[in-house]
>>> print(open('upload-v9.txt').read())   # compact mmCIF, C-alpha atoms and all ligand atoms
# COMPACT_ATOMS: atom_id res chain seq x y z
CA MET P 1 0.00 0.00 0.00
CA SER P 2 1.48 3.37 -0.95
CA ASP P 3 1.19 6.55 1.11
CA THR P 4 -1.78 7.68 -0.95
CA SER P 5 -3.63 4.47 -1.85
CA PRO P 6 -6.85 3.78 0.08
CA VAL P 7 -7.63 1.06 2.55
CA SER P 8 -10.52 -1.00 1.17
CA ILE P 9 -13.16 -2.21 3.62
CA ALA P 10 -16.43 -4.11 3.46
CA GLN P 11 -18.97 -3.34 6.18
CA ILE P 12 -21.14 -6.39 6.64
CA THR P 13 -24.06 -6.13 8.99
CA ASP P 14 -27.14 -7.80 10.45
CA ILE P 15 -26.34 -11.26 9.12
CA HIS P 16 -28.68 -13.02 11.59
CA LEU P 17 -27.15 -16.48 11.27
CA PHE P 18 -28.60 -19.30 13.37
CA ALA P 19 -27.31 -22.52 14.89
CA ASP P 20 -29.51 -24.32 12.36
CA ASP P 21 -28.33 -23.48 8.85
CA ASN P 22 -31.85 -23.83 7.51
CA GLN P 23 -33.57 -21.48 9.94
CA GLU P 24 -35.27 -18.49 8.36
CA LEU P 25 -35.82 -14.90 9.45
CA VAL P 26 -39.27 -13.73 8.36
CA GLY P 27 -39.15 -16.29 5.56
CA MET P 28 -35.58 -15.67 4.44
CA PRO P 29 -32.89 -18.33 4.89
CA THR P 30 -30.21 -16.03 6.25
CA LYS P 31 -27.32 -18.38 5.53
CA ASP P 32 -28.24 -18.49 1.83
CA SER P 33 -28.47 -14.71 1.46
CA PHE P 34 -25.16 -14.33 3.34
CA CYS P 35 -23.55 -16.84 0.95
CA ALA P 36 -24.65 -14.60 -1.94
CA VAL P 37 -22.86 -11.70 -0.22
CA ILE P 38 -19.76 -13.83 0.23
CA GLU P 39 -19.74 -14.61 -3.49
CA GLN P 40 -19.73 -10.87 -4.17
CA LEU P 41 -16.91 -10.36 -1.66
CA LYS P 42 -14.90 -13.03 -3.46
CA LYS P 43 -15.18 -10.99 -6.66
CA LEU P 44 -13.56 -8.06 -4.84
CA GLY P 45 -10.88 -10.58 -3.85
CA SER P 46 -7.53 -9.20 -2.88
CA GLU P 47 -8.85 -5.64 -3.16
CA LEU P 48 -10.37 -5.92 0.34
CA ASP P 49 -8.06 -5.16 3.27
CA LEU P 50 -10.50 -5.94 6.04
CA LEU P 51 -14.08 -6.77 6.97
CA LEU P 52 -16.04 -4.89 9.63
CA LEU P 53 -19.02 -6.78 11.07
CA THR P 54 -21.35 -4.28 12.75
CA GLY P 55 -23.59 -6.46 14.85
CA ASP P 56 -26.54 -8.82 14.81
CA ILE P 57 -24.13 -11.33 13.40
CA SER P 58 -26.27 -13.97 15.08
CA GLY P 59 -30.02 -14.34 15.13
CA ASP P 60 -30.06 -16.63 18.17
CA ALA P 61 -26.84 -15.71 20.06
CA SER P 62 -25.68 -19.34 19.91
CA LEU P 63 -22.05 -20.44 19.84
CA GLU P 64 -22.91 -22.50 16.76
CA SER P 65 -24.13 -19.45 14.85
CA TYR P 66 -20.73 -17.77 15.35
CA GLU P 67 -18.93 -20.96 14.37
CA ASN P 68 -21.04 -21.00 11.21
CA LEU P 69 -19.99 -17.43 10.49
CA GLN P 70 -16.33 -18.24 11.00
CA ASN P 71 -16.54 -21.29 8.73
CA LEU P 72 -18.21 -19.24 6.00
CA LEU P 73 -15.84 -16.26 6.15
CA HIS P 74 -12.54 -18.02 6.80
CA PRO P 75 -11.94 -19.09 3.17
CA LEU P 76 -11.87 -15.41 2.18
CA GLN P 77 -8.68 -14.95 4.24
CA ILE P 78 -9.50 -11.33 5.04
CA PRO P 79 -8.78 -9.87 8.51
CA THR P 80 -12.13 -9.46 10.24
CA TYR P 81 -13.20 -7.19 13.11
CA SER P 82 -16.56 -7.31 14.84
CA LEU P 83 -18.84 -5.73 17.43
CA PRO P 84 -22.10 -7.02 18.91
CA GLY P 85 -25.70 -5.98 18.22
CA ASN P 86 -28.87 -6.56 20.21
CA HIS P 87 -29.26 -10.12 18.94
CA ASP P 88 -25.71 -11.11 19.81
CA CYS P 89 -24.10 -12.52 22.90
CA ALA P 90 -20.79 -10.67 23.12
CA ILE P 91 -19.23 -13.40 25.26
CA ALA P 92 -20.21 -16.27 22.94
CA MET P 93 -19.09 -14.19 19.97
CA GLU P 94 -15.61 -13.56 21.40
CA GLU P 95 -15.30 -17.21 22.38
CA ALA P 96 -16.36 -18.67 19.04
CA LEU P 97 -14.52 -16.30 16.70
CA ASN P 98 -11.13 -17.71 17.63
CA LEU P 99 -9.19 -18.11 14.41
CA ARG P 100 -6.26 -15.83 13.74
CA LEU P 101 -8.03 -13.77 11.08
CA PHE P 102 -10.78 -12.81 13.56
CA SER P 103 -9.43 -10.01 15.69
CA ARG P 104 -10.76 -9.15 19.14
CA ARG P 105 -9.24 -5.69 18.96
CA LYS P 106 -11.70 -2.81 19.19
CA SER P 107 -9.24 -0.01 18.47
CA PHE P 108 -6.65 -0.25 15.72
CA GLU P 109 -4.98 1.62 12.88
CA ARG P 110 -4.94 0.63 9.24
CA GLY P 111 -3.99 2.48 6.09
CA GLY P 112 -3.65 5.85 7.79
CA TRP P 113 -7.07 5.61 9.54
CA ASN P 114 -7.99 4.85 13.14
CA PHE P 115 -10.87 2.47 13.81
CA ILE P 116 -12.86 2.32 17.04
CA LEU P 117 -15.56 -0.31 17.56
CA LEU P 118 -18.17 0.22 20.29
CA ASN P 119 -20.54 -2.16 22.04
CA SER P 120 -23.99 -0.52 22.26
CA SER P 121 -25.90 -3.69 23.09
CA VAL P 122 -27.90 -3.97 26.32
CA PRO P 123 -28.76 -7.47 27.59
CA GLU P 124 -32.38 -8.45 26.85
CA GLN P 125 -33.10 -5.11 25.14
CA VAL P 126 -33.56 -4.18 21.48
CA TYR P 127 -32.48 -0.57 21.93
CA GLY P 128 -28.88 0.56 22.21
CA TYR P 129 -27.06 2.39 24.98
CA LEU P 130 -23.41 3.27 25.53
CA SER P 131 -22.38 2.57 29.10
CA VAL P 132 -20.30 5.04 31.12
CA GLU P 133 -17.38 2.60 30.82
CA THR P 134 -17.71 2.44 27.03
CA LEU P 135 -17.96 6.24 26.74
CA ASP P 136 -14.91 6.67 28.99
CA TRP P 137 -13.00 4.13 26.91
CA LEU P 138 -14.00 5.94 23.68
CA ASP P 139 -12.77 9.22 25.13
CA SER P 140 -9.49 7.63 26.27
CA GLN P 141 -8.90 6.11 22.84
CA LEU P 142 -9.52 9.41 21.11
CA VAL P 143 -6.98 11.02 23.44
CA ILE P 144 -4.38 8.32 22.84
CA ILE P 145 -4.63 7.98 19.08
CA ASP P 146 -3.10 10.58 16.88
CA GLU P 147 -4.91 12.91 14.54
CA LYS P 148 -5.34 10.43 11.72
CA PRO P 149 -8.87 10.32 10.29
CA THR P 150 -11.05 8.12 12.45
CA LEU P 151 -13.98 5.79 11.79
CA ILE P 152 -16.24 4.73 14.67
CA ALA P 153 -18.47 1.68 14.26
CA VAL P 154 -21.48 1.01 16.51
CA HIS P 155 -24.52 -1.21 15.95
CA HIS P 156 -27.30 1.17 17.03
CA PRO P 157 -27.58 4.42 15.07
CA PRO P 158 -27.20 7.70 16.99
CA PHE P 159 -29.70 9.24 14.55
CA LEU P 160 -33.34 8.76 13.59
CA VAL P 161 -34.51 7.34 10.26
CA ASN P 162 -38.15 8.51 10.25
CA SER P 163 -39.49 5.05 11.08
CA ARG P 164 -41.29 5.11 14.42
CA TRP P 165 -40.79 1.42 15.19
CA LEU P 166 -37.05 1.49 14.36
CA ASP P 167 -36.39 4.86 15.93
CA SER P 168 -37.69 3.56 19.26
CA SER P 169 -34.65 1.25 19.40
CA SER P 170 -31.92 3.60 18.23
CA LEU P 171 -28.99 4.60 20.46
CA GLN P 172 -30.77 6.01 23.54
CA ASN P 173 -27.94 8.25 24.72
CA ALA P 174 -26.75 9.71 21.43
CA GLU P 175 -26.17 13.08 23.12
CA ASP P 176 -23.56 11.51 25.44
CA PHE P 177 -21.83 10.12 22.36
CA PHE P 178 -21.91 13.46 20.54
CA ALA P 179 -20.58 15.23 23.65
CA ILE P 180 -17.40 13.18 23.31
CA ILE P 181 -16.82 13.05 19.57
CA ASP P 182 -17.57 16.76 19.15
CA GLY P 183 -14.21 17.37 20.83
CA TYR P 184 -12.25 15.34 18.28
CA PRO P 185 -12.31 16.73 14.73
CA GLN P 186 -10.42 13.71 13.39
CA VAL P 187 -13.67 11.68 13.65
CA LYS P 188 -14.94 11.55 10.06
CA LEU P 189 -17.29 8.59 9.89
CA VAL P 190 -19.73 6.77 12.16
CA ILE P 191 -21.07 3.56 10.65
CA CYS P 192 -24.01 1.55 11.96
CA GLY P 193 -26.17 -1.50 11.42
CA HIS P 194 -29.58 -2.31 12.96
CA ILE P 195 -31.78 -0.42 10.48
CA HIS P 196 -31.43 -2.88 7.56
CA GLN P 197 -31.42 -0.09 5.00
CA GLU P 198 -29.13 2.41 3.33
CA PHE P 199 -29.06 5.71 5.15
CA GLN P 200 -26.84 8.77 5.22
CA TYR P 201 -26.90 11.68 7.61
CA GLN P 202 -24.46 14.47 8.43
CA ARG P 203 -24.01 16.23 11.76
CA HIS P 204 -21.32 18.91 11.89
CA ASN P 205 -18.43 17.43 9.89
CA VAL P 206 -19.21 13.81 10.69
CA HIS P 207 -21.02 11.53 8.25
CA TYR P 208 -23.28 8.84 9.69
CA LEU P 209 -23.97 5.85 7.47
CA GLY P 210 -26.51 3.04 7.74
CA THR P 211 -26.04 -0.08 5.68
CA PRO P 212 -28.33 -2.79 4.26
CA SER P 213 -28.47 -6.14 5.99
CA THR P 214 -27.13 -9.27 4.34
CA CYS P 215 -30.67 -10.70 4.76
CA ILE P 216 -34.05 -8.94 5.07
CA GLN P 217 -34.44 -5.23 4.28
CA PHE P 218 -36.67 -2.82 6.17
CA GLN P 219 -38.87 -0.39 4.29
CA PRO P 220 -37.65 3.21 4.67
CA ASN P 221 -39.95 5.79 6.30
CA SER P 222 -42.39 3.18 7.54
CA THR P 223 -44.25 3.86 10.79
CA ASP P 224 -44.58 0.16 11.58
CA PHE P 225 -42.54 -2.92 10.77
CA ALA P 226 -42.51 -3.49 7.02
CA LEU P 227 -40.18 -5.30 4.67
CA ASP P 228 -38.65 -3.81 1.57
CA ASN P 229 -38.07 -5.87 -1.55
CA GLN P 230 -34.53 -4.54 -2.09
CA GLN P 231 -31.87 -7.19 -2.32
CA PRO P 232 -29.39 -7.98 0.45
CA GLY P 233 -26.13 -6.10 0.40
CA PHE P 234 -23.17 -4.54 2.14
CA ARG P 235 -21.15 -1.32 2.01
CA HIS P 236 -17.76 -1.01 0.35
CA PHE P 237 -15.48 1.76 1.61
CA LYS P 238 -12.31 3.24 0.27
CA LEU P 239 -10.57 5.33 2.93
CA TYR P 240 -7.68 7.53 1.86
CA PRO P 241 -4.86 8.54 4.22
CA ASN P 242 -5.66 12.23 3.70
CA GLY P 243 -9.13 11.73 5.21
CA HIS P 244 -10.99 11.53 1.92
CA TRP P 245 -13.41 8.62 1.75
CA GLU P 246 -15.75 6.97 -0.71
CA SER P 247 -18.46 4.41 -0.09
CA ARG P 248 -21.02 2.60 -2.14
CA ILE P 249 -23.71 0.06 -1.44
CA GLU P 250 -23.35 -3.23 -3.24
CA ARG P 251 -26.51 -5.31 -3.63
CA VAL P 252 -26.32 -9.00 -4.43
CA PRO P 253 -28.50 -10.98 -6.83
CA TYR P 254 -30.45 -12.92 -4.23
CA PHE P 255 -34.22 -13.17 -4.43
CA TYR P 256 -36.58 -14.89 -2.05
CA PRO P 257 -40.34 -14.61 -1.51
CA LEU P 258 -40.77 -12.99 1.86
CA GLU P 259 -43.58 -13.73 4.26
CA LEU P 260 -44.97 -10.38 5.24
CA LEU P 261 -45.48 -11.30 8.86
CA PRO P 262 -45.98 -8.66 11.50
CA GLY P 263 -43.01 -8.50 13.78
CA LYS P 264 -40.73 -6.35 15.78
CA GLY P 265 -37.49 -6.53 17.63
CA TYR P 266 -35.15 -6.84 14.68
FE FE P 301 -30.17 -4.85 15.61
>>> encode(input="upload-v9.txt", output="structure tokens")
Amino acid sequence: MSDTSPVSIAQITDIHLFADDNQELVGMPTKDSFCAVIEQLKKLGSELDLLLLTGDISGDASLESYENLQNLLHPLQIPTYSLPGNHDCAIAMEEALNLRLFSRRKSFERGGWNFILLNSSVPEQVYGYLSVETLDWLDSQLVIIDEKPTLIAVHHPPFLVNSRWLDSSSLQNAEDFFAIIDGYPQVKLVICGHIHQEFQYQRHNVHYLGTPSTCIQFQPNSTDFALDNQQPGFRHFKLYPNGHWESRIERVPYFYPLELLPGKGY
């Protein structure tokens, strides 16, 4: 990598794998749709420097679901970093993702950028919250790291998406989060999962990005739970050492008839 070439990253989110490979989420076999995403990642091949998994990796928080993830991703041979969402068990996740390519680090530098991964999950709750310990740790990391451009990843969005049912489970203490990052102008990007849709929002000089799930998609601007017929996908970033960044959503050719069941808690 030269001093000016970008670091290339795939953000993969809300995979919802289960212990049973055949289990479905609202009618979608989540392993199959994830395999379609993996095929697309293979096409990017050596271009990708790392994978960022932004929560709800599991749909049932089982050890087996994380082992399934590891078995599916390992052939790609791409360094992988992860954080938990509301459907995950952070302890099982750390225990099961034990191969060398799966890093437990939550703060690292790559390609001239700093990366900080936060745990916003709250046991037994769908909504997100950053504990005092997590906020203190974030602040300490931002003090320690240098002024390289910084990306923060967190499962629950610290912004609203104009969907009442989803907005009720966003990050509950976004103001505490803003109070910290507002003091660090090197923070450029905050990337999230949870909302199963593409979303972009800017506050001050920070861009906040939401990314499609690798399985079911939620309909934008819907008051109540509703599925969208967009295909599964992920986000591909190019981050340049001078702080410039590019991102695009990649959708995969995976189609499945969805059962439009009422539901919540995704
Ligand atoms: Fe979630």
>>> closest_residue(input="upload-v9.txt", among="P:Val122, P:Leu51, P:Val206, P:Leu151", to="ligand FE 301 (chain P)", atoms="only C-alpha atoms and all ligand atoms")
P:Val122
>>> closest_residue(input="upload-v9.txt", among="P:Met28, P:Val143, P:Ala96, P:Leu83", to="ligand FE 301 (chain P)", atoms="all atoms listed in the file")
P:Leu83
>>> atom_distance(input="upload-v9.txt", atom1="atom CA of P:Ile78", atom2="atom CA of P:Leu189")
21.9 Å
>>> closest_residue(input="upload-v9.txt", among="P:Thr211, P:Ser58, P:Ser5, P:Gln77", to="P:Cys89", atoms="all atoms listed in the file")
P:Ser58
>>> closest_residue(input="upload-v9.txt", among="P:Glu39, P:Asp88, P:Glu24, P:Glu250", to="P:His236", atoms="all atoms listed in the file")
P:Glu250
>>> residues_near_ligand(input="upload-v9.txt", ligand="ligand FE 301 (chain P)", cutoff="10 Å", atoms="all atoms listed in the file", output="PyMOL selection string")
chain P and resi 13-16+54-59+84-88+121+125-128+155-157+166+169-170+192-196+213+265-266
>>> atom_distance(input="upload-v9.txt", atom1="atom CA of P:Glu246", atom2="atom CA of P:Lys31")
28.6 Å
>>> residues_around(input="upload-v9.txt", residues="P:Phe255", least_positions_apart="2", cutoff="7 Å", atoms="all atoms listed in the file", output="number ranges by chain")
P: 231, 253, 257
>>> write_last_selection(input="upload-v9.txt", atoms="C-alpha atoms", output="PDB file, in the coordinates of the input")
ATOM      1  CA  GLN P 231     -31.870  -7.190  -2.320  1.00  0.00           C
ATOM      2  CA  PRO P 253     -28.500 -10.980  -6.830  1.00  0.00           C
ATOM      3  CA  PRO P 257     -40.340 -14.610  -1.510  1.00  0.00           C
TER       4      PRO P 257
END
>>> residues_around(input="upload-v9.txt", residues="P:Gly111", least_positions_apart="6", cutoff="8 Å", atoms="only C-alpha atoms", output="PyMOL selection string")
chain P and resi 1+6-7+239-241
>>> write_last_selection(input="upload-v9.txt", atoms="C-alpha atoms", output="tab-separated table (two decimals), in the coordinates of the input")
chain	number	residue	atom	x	y	z
P	1	MET	CA	0.00	0.00	0.00
P	6	PRO	CA	-6.85	3.78	0.08
P	7	VAL	CA	-7.63	1.06	2.55
P	239	LEU	CA	-10.57	5.33	2.93
P	240	TYR	CA	-7.68	7.53	1.86
P	241	PRO	CA	-4.86	8.54	4.22
>>> closest_residue(input="upload-v9.txt", among="P:Val252, P:Asn68, P:Leu160, P:Glu94", to="P:Lys43", atoms="all atoms listed in the file")
P:Val252
>>> closest_residue(input="upload-v9.txt", among="P:Asp224, P:Asp139, P:Asp49, P:Asp60", to="P:Leu101", atoms="all atoms listed in the file")
P:Asp49
>>> atom_distance(input="upload-v9.txt", atom1="atom CA of P:Leu25", atom2="atom CA of P:Ile9")
26.6 Å
>>> axis_aligned_box(input="upload-v9.txt", around="stretch 31-49 of chain P", padding_each_side="5 Å", output="AutoDock Vina command-line options")
--center_x -18.0 --center_y -11.8 --center_z -0.6 --size_x 30.9 --size_y 23.3 --size_z 22.2
>>> closest_atom_pairs(input="upload-v9.txt", of="stretch 125-242 of chain P", to="stretch 102-106 of chain P", cutoff="12 Å", atoms="all atoms listed in the file", output="tab-separated table")
residue	atom	partner	partner_atom	distance
P:Thr134	CA	P:Lys106	CA	11.2
P:Trp137	CA	P:Lys106	CA	10.5
P:Leu138	CA	P:Lys106	CA	10.1
P:Gln141	CA	P:Lys106	CA	10.0
P:Leu151	CA	P:Lys106	CA	11.6
P:Ile152	CA	P:Lys106	CA	9.9
P:Ala153	CA	P:Lys106	CA	9.5
P:Val154	CA	P:Lys106	CA	10.8
>>> residues_near_point(input="upload-v9.txt", point="(-22.5, 10.5, 12.0)", cutoff="10 Å", atoms="all atoms listed in the file", output="ChimeraX atom specification")
/P:151-153,157-159,178,181,187-192,200-210
>>> decode(input="upload-v9.txt", residues="stretch 29-45 of chain P", atoms="N, CA and C atoms", output="mmCIF file, in the first residue's frame")
data_model
loop_
_atom_site.group_PDB
_atom_site.id
_atom_site.type_symbol
_atom_site.label_atom_id
_atom_site.label_comp_id
_atom_site.auth_asym_id
_atom_site.auth_seq_id
_atom_site.Cartn_x
_atom_site.Cartn_y
_atom_site.Cartn_z
ATOM 1 N N PRO P 29 -33.979 -17.514 4.343
ATOM 2 C CA PRO P 29 -32.894 -18.326 4.889
ATOM 3 C C PRO P 29 -31.609 -17.496 4.936
ATOM 4 N N THR P 30 -31.258 -17.059 6.124
ATOM 5 C CA THR P 30 -30.211 -16.035 6.251
ATOM 6 C C THR P 30 -28.831 -16.545 5.842
ATOM 7 N N LYS P 31 -28.618 -17.866 5.984
ATOM 8 C CA LYS P 31 -27.321 -18.385 5.532
ATOM 9 C C LYS P 31 -27.208 -18.247 4.013
ATOM 10 N N ASP P 32 -28.294 -18.542 3.297
ATOM 11 C CA ASP P 32 -28.242 -18.489 1.832
ATOM 12 C C ASP P 32 -27.985 -17.061 1.333
ATOM 13 N N SER P 33 -28.678 -16.085 1.935
ATOM 14 C CA SER P 33 -28.465 -14.710 1.459
ATOM 15 C C SER P 33 -27.046 -14.248 1.806
ATOM 16 N N PHE P 34 -26.538 -14.689 2.965
ATOM 17 C CA PHE P 34 -25.164 -14.328 3.335
ATOM 18 C C PHE P 34 -24.163 -14.962 2.360
ATOM 19 N N CYS P 35 -24.455 -16.187 1.924
ATOM 20 C CA CYS P 35 -23.554 -16.839 0.954
ATOM 21 C C CYS P 35 -23.519 -16.051 -0.362
ATOM 22 N N ALA P 36 -24.648 -15.436 -0.725
ATOM 23 C CA ALA P 36 -24.654 -14.604 -1.938
ATOM 24 C C ALA P 36 -23.753 -13.388 -1.742
ATOM 25 N N VAL P 37 -23.759 -12.834 -0.524
ATOM 26 C CA VAL P 37 -22.863 -11.705 -0.221
ATOM 27 C C VAL P 37 -21.404 -12.160 -0.282
ATOM 28 N N ILE P 38 -21.144 -13.323 0.254
ATOM 29 C CA ILE P 38 -19.761 -13.831 0.235
ATOM 30 C C ILE P 38 -19.267 -14.001 -1.204
ATOM 31 N N GLU P 39 -20.144 -14.464 -2.075
ATOM 32 C CA GLU P 39 -19.740 -14.605 -3.492
ATOM 33 C C GLU P 39 -19.321 -13.253 -4.065
ATOM 34 N N GLN P 40 -20.063 -12.218 -3.690
ATOM 35 C CA GLN P 40 -19.729 -10.870 -4.170
ATOM 36 C C GLN P 40 -18.389 -10.402 -3.567
ATOM 37 N N LEU P 41 -18.170 -10.726 -2.311
ATOM 38 C CA LEU P 41 -16.905 -10.360 -1.658
ATOM 39 C C LEU P 41 -15.742 -11.057 -2.353
ATOM 40 N N LYS P 42 -15.971 -12.300 -2.765
ATOM 41 C CA LYS P 42 -14.901 -13.034 -3.463
ATOM 42 C C LYS P 42 -14.510 -12.320 -4.746
ATOM 43 N N LYS P 43 -15.496 -11.699 -5.406
ATOM 44 C CA LYS P 43 -15.184 -10.989 -6.656
ATOM 45 C C LYS P 43 -14.285 -9.786 -6.379
ATOM 46 N N LEU P 44 -14.447 -9.184 -5.192
ATOM 47 C CA LEU P 44 -13.561 -8.065 -4.844
ATOM 48 C C LEU P 44 -12.167 -8.589 -4.499
ATOM 49 N N GLY P 45 -12.130 -9.852 -4.059
ATOM 50 C CA GLY P 45 -10.883 -10.583 -3.852
ATOM 51 C C GLY P 45 -9.844 -9.827 -3.060
#
